[in-house]
Amino acid sequence: MSEHKTIGKNVPKVDIRKKVTGQAQYAADLYFPGMYYGKIVRCMDHAHARVKRLDFSAAQKMPGVVRIIGPDDVTDKPYNTGVLDLMVPKDMGEILGDIEDQHIFTRHVKHQGDAICAVIARTEAAAEQAAAAIVVDYEPLPAYMTAAASAAPDAEQFTPQKPGNRAFQLPAAMFPGNEMAWGDVDAAFAEADFVVEDSFYVPKQKQAQMEPHAYIARYEDDGRLVCWTSTQMPKLVQNKLARLFGLPMSRVKLNQTVIGGGFGTKLGMVGEPETCAMAMAVPGHYVKVLYTREEDWLTSESRHPGDYWMKIGFKNDGTPLAIDARFVNYKGGYYTHGSGTAFTTGGWLAGMYKVGALRYRGESYYTNQVPSGAFRGYGNPQTNFVLEQLIDRACAKLGIDPVEWRIKWHKDVGDDGWCAGVPYLTCALTECLERGAEAIGWKEKRAKYAKQTGPIRRGLGVSVMNHTSGAMPMLLEHTVCTVKLNEDASVEVLVACSDMGQGSHTALQQIAAETLGLPFECIHMKTNDSDDTGFDIGAHASRTVYVGGRAVMAACEDVNNQLRERACVHFERMQIKVSPEDLEVADGQVRIKDNPEKAIDVAEIASVGIYNFVNPQTGEANGVPGQIQGYASYLPSHNSPPFGACFIEVEVDTETGEVRVIESVNTHDIGCAIHPDSVEGQMDGGLQQGLGNVLTEEIYYDENGLCLNSSFTDYKMFGPSDMPKSQNILIEEPDPEGPFGAKSVGEAGAVTPIGATANAIFDAIGIQFTHGPITPEKILKKIKEEGLTF
Amino acid sequence: MKTRSITLHVNGEARAVTVPVHHTLLEVLRDDLGQTETKYGCGTGECGACTVLIDGKTVLSCLTLAATVDGAQITTASGLESNGELHPIQQAFVDEAAVQCGYCTPGLVIKTAGLLAKNPSPSEEEIRKGLEGNICRCTGYVKVVKAVQRAAETLRAAG
């Protein structure tokens with residue numbers, strides 16, 4: 001890596017200066033002349049209900065009200081806020097059972113906070129006051145809070161398209177018997193010396209990004225629908241909005257504003273449909289819609305919770321013979337990512353260990369909760385909580401060290417990853433495990449704590465994971481990039497890739513600079529305007545640096561190829577005969593590889609291409625004409641899964657049930673750290689979310705489906721004083737497919753702290769917890785139930 | 001609707017504005033005075049994104065009625081830099097790459113200013129405790145703490 005000019009260096013992040021000065025403009029920071037404010041009226045008192053009557057009359061008379069719109073005033077075209085359905089071909093979508101079951105305004109409320117109608121007013125206050133004056137009569141329906149409840153034969157049907165309220169199961173056409181499987185699981189279990197088996201519950205976790213959802217839209221009758229949004233997926237949302245409102249895509253413009261955190265909550269549409277519908281109701285006017293934090297909590301998608309059963313069979317020497325598992329997740333009120341998480345949860349399971357036989361079933365059932373969608377990890381946190389605990393249960397029984405067991409049995413180069421038929425190209429997991437164990441003092445501390453006494457107990461746990469870099473081959477992977485070379489050899493890189501804080505725009509700029517051989521500072525990344533950029537899937541599946549980076553590289557290589565071709569003409573004028581293969585582009589020049597003294601400035605070639613003057617007397621041009629632009633439409637041929645191992649030390653107070661996380665060592669098989677600070681930043685933030693997932697975070701509902709903790713006070717996240725001493729170890733074993741060898745890190749860091757913490761608690765007090773999050777109440781209850789003393 | 005005419009000294013500049021008495025300082029700063037660097041994160045005083053300095057002390061502007069702070073000296077994140085040069089606290093956040101999505105950053109930078117004004121040599125524990133009330137979902141606070149330590153060192157060295 002040391003031969004690179006910018007790759008591997010911690011250049012100042014491209015947007016950091018404007019963020020520390022407050023100049024960065026998020027959607028809520030934009031103000032337009034004569035702007036109206038929109039307020040979405042939501043059903044707050046019922047999680048499941050039919051709208052019987054809507055009465056706008058009182059609200060309409062209130063001062064400042066411009067228009068009120070309800071279901072009869074907008075298109076009743078159904079849609080899907082999740083954009084995964086655009087990433088599969090139509091026939092596969094049919095096999096998967098993808099449906100569109102959402103409407104801009106609903107008459108069948110399926111979760112608290114469902115949108116009923118909207119008020120457009122001259123001020124935010126006027127909109128709020130009028131919204132409160134809207135009269136809605138509801139017919140309450142029973143609220144179903146678990147898969148079991150909504151699967152009951154007499155349950156109200158959420159949609160006729162999904163009988164029995166089963167939103168998804170692995171389709172038999174792709175997974176015979178509705179199972180992801182290999183080998184003969186039942187025969188393998190018959191050979192097992194012993195089996196570990198348990199039923200787990202994984203919690204409904206909220207992304208809780210700091211920027212509450214906010215949108216602005218404007219529509220001109222003879223012009224365009226323009227929408228300002230911080231969606232992670234601008235091009236796919238542009239597509240969906242165009243289809244929803246019956247417009248050609250060229251009449252829909254999406255301005256992506258600075259994203260104040262995503263983590264999956266913006267993996268598609270959130271409030272764009274309602275906001276755009278409001279704008280279309282008042283043509284020519286800007287309409288701004290600001291979600292309150294409570295609205296954000298109640299209406300934007302969360303992680304998939306659910307019941308996750310698993311059984312693993314072992315030989316006495318630790319050989320894993322078979323895994324049988326079933327994840328029944330709670331979909332919430334709408335389909336959104338219905339075919340996603342139920343599949344990937346099994347994928348991460350299948351990709352982890354060398355097991356002779358495996359069988360996984362994944363299903364989703366509707367429930368009257370906010371829809372489950374995408375959240376960093378996408379099924380991997382769920383699998384980590386379950387799989388890694390059962391592995392440690394077996395290790396404890398067999399007297400095998402959990403690190404040694406994982407070193408021996410993890411999948412490796414050549415084995416299939418999360419997607420059958422796509423084998424691992426690189427795997428540095430053994431080194432991750434060895435270096436992480438050494439860094440945390442695994443052997444010494446475990447030996448020491450084995451002899452501990454008293455009510456305060458310490459323990460160490462480990463967990464491993466595999467993830468992905470982009471979602472091919474199951475989902476479309478495609479990024480388009482255009483590179484414009486200016487006459488002074490500065491560059492604009494046009495690519496729709498999103499940066500939600502992970503630092504992708506910085507990494508992409510580094511990749512462009514390195515490939516072009518130009519200084520980092522003279523590259524400008526133009527990303528946020530749908531008019532300027534070609535197609536890109538968006539930020540999900542940890543794809544942006546891996547796929548976006550290769551697209552940027554390819555477009556830059558196109559520029560370099562053109563430079564080399566033109567340079568031959570320029571060299572010829574100097575009586576030097578060369579072919580493009582003889583030349584290299586580096587340090588702002590095109591030079592002869594074997595004789596680098598002979599060089600032509602990139603700026604010279606670029607400039608005469610644009611300012612191409614023909615001598616009127618000789619008829620000769622001053623150079624090869626034409627502005628150089630590079631282009632690439634890049635579709636990757638792999639998904640280079642990264643691996644990682646996390647080590648956690650906890651201290652459990654057996655008298656209060658409190659768990660203090662003392663130390664974390666998180667290791668990652670990154671391939672190449674393009675911007676090391678950004679890679680570490682992802683692991684640091686992932687740690688905070690992983691620890692919250694396993695110890696403190698859950699969205700709680702009462703028996704009627706009304707949320708009990710839709711605020712930061714009651715939804716407990718790790719704060720600065722809760723975070724442990726932490727260290728990241730990056731193992732750089734370059735991947736042949738990744739840009740400069742890089743694999744992804746975006747989601748990985750949020751996964752392994754979960755299993756590692758649960759396993760550390762097991763090491764500390766000898767109890768495993770099957771229902772996340774592992775709160776002090778649950779710990780004390782279990783200690784009491786088991787009659788344990790410390 | 002009752003209003004009051006007030007003058008707020010925002011980042012050293014006197015700004016006269018007539019506000020409904022129930023409007024918060026956050027609303028007035030953003031909607032009336034165009035100071036959008038101070039953010040709405042929750043509106044209920046739980047996340048700290050709206051933190052400003054009033055007469056040198058950190059205050060949650062979403063819980064402060066603008067009409068009650070007539071005449072106050074208010075500092076926001078965009079008031080820390082001078083002559084185009086970043087304040088040492090801002091520079092420290094840049095140097096430690098302690099910013100990801102950036103939404104919590106203006107509030108965090110101001111909270112840090114308040115913290116270091118009170119305690120120029122905080123221990124790591126004091127820093128962590130001092131930052132409580134400002135929520136960040138991206139950084140895990142790891143590089144943020146390093147940024148505060150670096151800022152403290154720079155400010156001490158500058159005297």
# chains A, B, ... in the order shown; residues from 1 in each chain; ligands from 1

call {"tool": "interface_residues", "arguments": {"of": "chain B", "to": "chain A", "cutoff": "9 Å", "atoms": "only C-alpha atoms", "output": "ChimeraX atom specification"}}
result
/B:30-31,34-44,46-47,49,76-81,86,90-91,93-106,109,125,127-143,145

call {"tool": "select_by_dssp", "arguments": {"residues": "range 550-615 of chain A", "states": "strand (DSSP E or B)", "output": "list of chain:residue names"}}
result
A:Leu583, A:Glu584, A:Val585, A:Ala586, A:Gln589, A:Val590, A:Arg591, A:Ile592, A:Asn595, A:Pro596, A:Glu597, A:Lys598, A:Ala599, A:Ile600, A:Asp601, A:Val614

call {"tool": "closest_residue", "arguments": {"among": "B:Leu116, B:Ala92, B:Leu108, B:Val21", "to": "Arg156 in chain B", "atoms": "only C-alpha atoms"}}
result
B:Leu116

call {"tool": "select_by_dssp", "arguments": {"residues": "chain B", "states": "helix (DSSP H, G or I)", "output": "tab-separated table (two decimals) with C-alpha atoms, in the first residue's frame"}}
result
chain	number	residue	atom	x	y	z
B	25	LEU	CA	-34.77	29.77	20.59
B	26	LEU	CA	-34.15	26.87	18.19
B	27	GLU	CA	-37.09	27.90	16.00
B	28	VAL	CA	-36.10	31.56	16.06
B	29	LEU	CA	-32.48	30.85	15.22
B	30	ARG	CA	-33.38	28.57	12.32
B	31	ASP	CA	-36.61	30.02	10.89
B	32	ASP	CA	-36.28	33.72	11.66
B	61	SER	CA	-32.17	25.82	22.49
B	62	CYS	CA	-35.20	23.58	21.87
B	63	LEU	CA	-36.19	23.97	25.50
B	66	ALA	CA	-36.55	32.90	22.73
B	67	ALA	CA	-38.47	35.67	24.44
B	68	THR	CA	-36.79	34.84	27.75
B	69	VAL	CA	-33.25	35.37	26.43
B	77	ALA	CA	-21.17	26.23	15.68
B	78	SER	CA	-20.78	28.66	12.81
B	79	GLY	CA	-19.65	31.36	15.21
B	88	PRO	CA	-9.17	24.62	17.55
B	89	ILE	CA	-12.14	22.49	18.60
B	90	GLN	CA	-13.40	22.31	15.02
B	91	GLN	CA	-9.88	21.62	13.74
B	92	ALA	CA	-9.52	18.82	16.27
B	93	PHE	CA	-12.73	17.20	15.04
B	94	VAL	CA	-11.33	17.41	11.50
B	95	ASP	CA	-7.91	16.05	12.43
B	105	THR	CA	-21.54	17.79	15.11
B	106	PRO	CA	-22.59	21.43	15.58
B	107	GLY	CA	-24.11	20.58	18.95
B	108	LEU	CA	-21.12	18.47	19.96
B	109	VAL	CA	-18.62	21.15	19.00
B	110	ILE	CA	-20.51	23.71	21.10
B	111	LYS	CA	-20.85	21.26	23.99
B	112	THR	CA	-17.10	20.75	23.82
B	113	ALA	CA	-16.54	24.50	23.93
B	114	GLY	CA	-18.66	24.74	27.05
B	115	LEU	CA	-16.95	21.76	28.63
B	116	LEU	CA	-13.41	22.98	28.00
B	117	ALA	CA	-14.23	26.50	29.15
B	118	LYS	CA	-15.24	25.05	32.51
B	124	GLU	CA	-11.20	10.94	29.70
B	125	GLU	CA	-13.92	10.11	32.20
B	126	GLU	CA	-14.75	13.78	32.62
B	127	ILE	CA	-14.93	14.20	28.87
B	128	ARG	CA	-17.29	11.26	28.50
B	129	LYS	CA	-19.45	12.50	31.33
B	130	GLY	CA	-19.33	16.02	29.95
B	131	LEU	CA	-20.57	14.91	26.53
B	142	VAL	CA	-14.52	7.00	20.02
B	143	LYS	CA	-12.97	9.63	17.78
B	144	VAL	CA	-15.11	12.34	19.36
B	145	VAL	CA	-13.40	11.77	22.71
B	146	LYS	CA	-10.02	11.87	20.97
B	147	ALA	CA	-11.02	15.14	19.29
B	148	VAL	CA	-11.94	16.70	22.61
B	149	GLN	CA	-8.62	15.56	24.10
B	150	ARG	CA	-6.75	17.01	21.16
B	151	ALA	CA	-8.71	20.27	21.36
B	152	ALA	CA	-7.99	20.55	25.08
B	153	GLU	CA	-4.29	20.08	24.42
B	154	THR	CA	-4.25	22.69	21.64
B	155	LEU	CA	-6.14	25.22	23.72
B	156	ARG	CA	-3.87	24.68	26.72
B	157	ALA	CA	-0.79	25.11	24.56
B	158	ALA	CA	-2.18	28.33	23.12

call {"tool": "residues_around", "arguments": {"residues": "Thr344 in chain A", "least_positions_apart": "2", "cutoff": "8 Å", "atoms": "only C-alpha atoms", "output": "PyMOL selection string"}}
result
chain A and resi 340-342+346-348+378-380+418

call {"tool": "residues_around", "arguments": {"residues": "Ala181 in chain A", "least_positions_apart": "4", "cutoff": "12 Å", "atoms": "only C-alpha atoms", "output": "ChimeraX atom specification"}}
result
/A:170,172,174-177,185-186,322-326,346-347,349-351,355-362,418-420

call {"tool": "residues_around", "arguments": {"residues": "Asn165 in chain A", "least_positions_apart": "3", "cutoff": "10 Å", "atoms": "only C-alpha atoms", "output": "ChimeraX atom specification"}}
result
/A:147,149-153,155-162,168,331,364-367

call {"tool": "write_last_selection", "arguments": {"atoms": "N, CA and C atoms", "output": "mmCIF file, in the first residue's frame"}}
result
data_model
loop_
_atom_site.group_PDB
_atom_site.id
_atom_site.type_symbol
_atom_site.label_atom_id
_atom_site.label_comp_id
_atom_site.auth_asym_id
_atom_site.auth_seq_id
_atom_site.Cartn_x
_atom_site.Cartn_y
_atom_site.Cartn_z
ATOM 1 N N ALA A 147 -45.859 -12.985 15.262
ATOM 2 C CA ALA A 147 -46.147 -13.792 14.079
ATOM 3 C C ALA A 147 -47.209 -14.837 14.394
ATOM 4 N N ALA A 149 -49.592 -14.709 16.494
ATOM 5 C CA ALA A 149 -50.918 -14.105 16.594
ATOM 6 C C ALA A 149 -51.507 -13.834 15.219
ATOM 7 N N SER A 150 -50.721 -13.274 14.317
ATOM 8 C CA SER A 150 -51.307 -12.921 13.015
ATOM 9 C C SER A 150 -51.450 -14.128 12.107
ATOM 10 N N ALA A 151 -50.740 -15.207 12.444
ATOM 11 C CA ALA A 151 -50.855 -16.424 11.641
ATOM 12 C C ALA A 151 -52.073 -17.254 12.037
ATOM 13 N N ALA A 152 -52.692 -16.886 13.141
ATOM 14 C CA ALA A 152 -53.864 -17.650 13.611
ATOM 15 C C ALA A 152 -54.950 -17.639 12.537
ATOM 16 N N PRO A 153 -55.677 -18.742 12.388
ATOM 17 C CA PRO A 153 -56.640 -18.878 11.282
ATOM 18 C C PRO A 153 -57.739 -17.811 11.266
ATOM 19 N N ALA A 155 -57.431 -14.687 12.215
ATOM 20 C CA ALA A 155 -56.889 -13.327 12.278
ATOM 21 C C ALA A 155 -57.360 -12.486 11.098
ATOM 22 N N GLU A 156 -57.500 -11.174 11.330
ATOM 23 C CA GLU A 156 -57.806 -10.229 10.247
ATOM 24 C C GLU A 156 -56.690 -10.294 9.211
ATOM 25 N N GLN A 157 -57.079 -10.272 7.947
ATOM 26 C CA GLN A 157 -56.059 -10.337 6.907
ATOM 27 C C GLN A 157 -55.522 -8.936 6.615
ATOM 28 N N PHE A 158 -54.215 -8.819 6.561
ATOM 29 C CA PHE A 158 -53.583 -7.525 6.272
ATOM 30 C C PHE A 158 -53.778 -7.165 4.805
ATOM 31 N N THR A 159 -53.673 -8.154 3.936
ATOM 32 C CA THR A 159 -53.889 -7.911 2.516
ATOM 33 C C THR A 159 -54.313 -9.218 1.857
ATOM 34 N N PRO A 160 -55.267 -9.142 0.926
ATOM 35 C CA PRO A 160 -55.707 -10.372 0.250
ATOM 36 C C PRO A 160 -54.566 -11.042 -0.519
ATOM 37 N N GLN A 161 -53.501 -10.294 -0.791
ATOM 38 C CA GLN A 161 -52.386 -10.861 -1.544
ATOM 39 C C GLN A 161 -51.565 -11.841 -0.712
ATOM 40 N N LYS A 162 -51.745 -11.812 0.594
ATOM 41 C CA LYS A 162 -50.941 -12.674 1.469
ATOM 42 C C LYS A 162 -51.859 -13.406 2.448
ATOM 43 N N PHE A 168 -43.917 -13.598 3.616
ATOM 44 C CA PHE A 168 -42.836 -14.185 2.819
ATOM 45 C C PHE A 168 -42.426 -15.527 3.397
ATOM 46 N N LYS A 331 -42.989 -8.893 10.359
ATOM 47 C CA LYS A 331 -42.806 -7.976 9.247
ATOM 48 C C LYS A 331 -43.254 -6.565 9.558
ATOM 49 N N SER A 364 -41.750 -14.537 7.118
ATOM 50 C CA SER A 364 -42.164 -13.245 7.658
ATOM 51 C C SER A 364 -43.673 -13.239 7.818
ATOM 52 N N TYR A 365 -44.131 -12.742 8.941
ATOM 53 C CA TYR A 365 -45.574 -12.575 9.133
ATOM 54 C C TYR A 365 -45.863 -11.125 9.462
ATOM 55 N N TYR A 366 -46.968 -10.655 8.911
ATOM 56 C CA TYR A 366 -47.383 -9.286 9.220
ATOM 57 C C TYR A 366 -47.702 -9.140 10.698
ATOM 58 N N THR A 367 -47.372 -7.992 11.267
ATOM 59 C CA THR A 367 -47.786 -7.646 12.623
ATOM 60 C C THR A 367 -48.155 -6.162 12.615
#

call {"tool": "residues_around", "arguments": {"residues": "Gly56 in chain B", "least_positions_apart": "6", "cutoff": "8 Å", "atoms": "only C-alpha atoms", "output": "list in words"}}
result
Gln73, Ile74, Thr75 and Gly114 of chain B

call {"tool": "write_last_selection", "arguments": {"atoms": "C-alpha atoms", "output": "compact mmCIF listing (two decimals), in the first residue's frame"}}
result
# COMPACT_ATOMS: atom_id res chain seq x y z
CA GLN B 73 -24.83 36.47 23.76
CA ILE B 74 -25.43 33.33 21.77
CA THR B 75 -22.72 31.27 20.13
CA GLY B 114 -18.66 24.74 27.05

call {"tool": "residues_around", "arguments": {"residues": "Ile456 in chain A", "least_positions_apart": "5", "cutoff": "9 Å", "atoms": "only C-alpha atoms", "output": "ChimeraX atom specification"}}
result
/A:651-655,764,790

call {"tool": "closest_residue", "arguments": {"among": "A:Cys427, A:Cys432, A:Cys481, A:Ala539", "to": "Gly268 in chain A", "atoms": "only C-alpha atoms"}}
result
A:Ala539

call {"tool": "decode", "arguments": {"residues": "range 718-733 of chain A", "atoms": "N, CA and C atoms", "output": "mmCIF file, in the first residue's frame"}}
result
data_model
loop_
_atom_site.group_PDB
_atom_site.id
_atom_site.type_symbol
_atom_site.label_atom_id
_atom_site.label_comp_id
_atom_site.auth_asym_id
_atom_site.auth_seq_id
_atom_site.Cartn_x
_atom_site.Cartn_y
_atom_site.Cartn_z
ATOM 1 N N PHE A 718 -26.366 3.230 23.862
ATOM 2 C CA PHE A 718 -25.097 3.449 24.542
ATOM 3 C C PHE A 718 -24.628 4.894 24.353
ATOM 4 N N GLY A 719 -24.342 5.547 25.466
ATOM 5 C CA GLY A 719 -23.838 6.917 25.436
ATOM 6 C C GLY A 719 -22.338 6.932 25.658
ATOM 7 N N PRO A 720 -21.747 8.145 25.699
ATOM 8 C CA PRO A 720 -20.283 8.219 25.796
ATOM 9 C C PRO A 720 -19.704 7.534 27.029
ATOM 10 N N SER A 721 -20.453 7.541 28.137
ATOM 11 C CA SER A 721 -19.915 6.916 29.349
ATOM 12 C C SER A 721 -20.150 5.408 29.376
ATOM 13 N N ASP A 722 -20.971 4.925 28.479
ATOM 14 C CA ASP A 722 -21.261 3.485 28.458
ATOM 15 C C ASP A 722 -20.281 2.721 27.577
ATOM 16 N N MET A 723 -19.673 3.438 26.632
ATOM 17 C CA MET A 723 -18.818 2.764 25.654
ATOM 18 C C MET A 723 -17.555 2.236 26.326
ATOM 19 N N PRO A 724 -17.112 1.066 25.910
ATOM 20 C CA PRO A 724 -15.913 0.470 26.530
ATOM 21 C C PRO A 724 -14.635 1.040 25.944
ATOM 22 N N LYS A 725 -13.548 0.691 26.572
ATOM 23 C CA LYS A 725 -12.232 0.896 25.964
ATOM 24 C C LYS A 725 -12.251 0.051 24.694
ATOM 25 N N SER A 726 -11.850 0.601 23.568
ATOM 26 C CA SER A 726 -11.997 -0.172 22.334
ATOM 27 C C SER A 726 -10.806 -0.015 21.415
ATOM 28 N N GLN A 727 -10.642 -1.022 20.603
ATOM 29 C CA GLN A 727 -9.513 -1.074 19.687
ATOM 30 C C GLN A 727 -9.984 -1.777 18.415
ATOM 31 N N ASN A 728 -9.542 -1.294 17.276
ATOM 32 C CA ASN A 728 -9.847 -1.965 16.011
ATOM 33 C C ASN A 728 -8.558 -2.491 15.411
ATOM 34 N N ILE A 729 -8.614 -3.697 14.891
ATOM 35 C CA ILE A 729 -7.459 -4.253 14.183
ATOM 36 C C ILE A 729 -7.895 -4.545 12.756
ATOM 37 N N LEU A 730 -7.225 -3.903 11.814
ATOM 38 C CA LEU A 730 -7.565 -4.102 10.407
ATOM 39 C C LEU A 730 -6.541 -5.023 9.773
ATOM 40 N N ILE A 731 -7.012 -6.117 9.191
ATOM 41 C CA ILE A 731 -6.126 -7.044 8.500
ATOM 42 C C ILE A 731 -6.280 -6.770 7.007
ATOM 43 N N GLU A 732 -5.169 -6.422 6.362
ATOM 44 C CA GLU A 732 -5.260 -6.047 4.944
ATOM 45 C C GLU A 732 -4.661 -7.119 4.051
ATOM 46 N N GLU A 733 -5.519 -8.054 3.664
ATOM 47 C CA GLU A 733 -5.125 -9.068 2.700
ATOM 48 C C GLU A 733 -5.930 -8.750 1.442
#
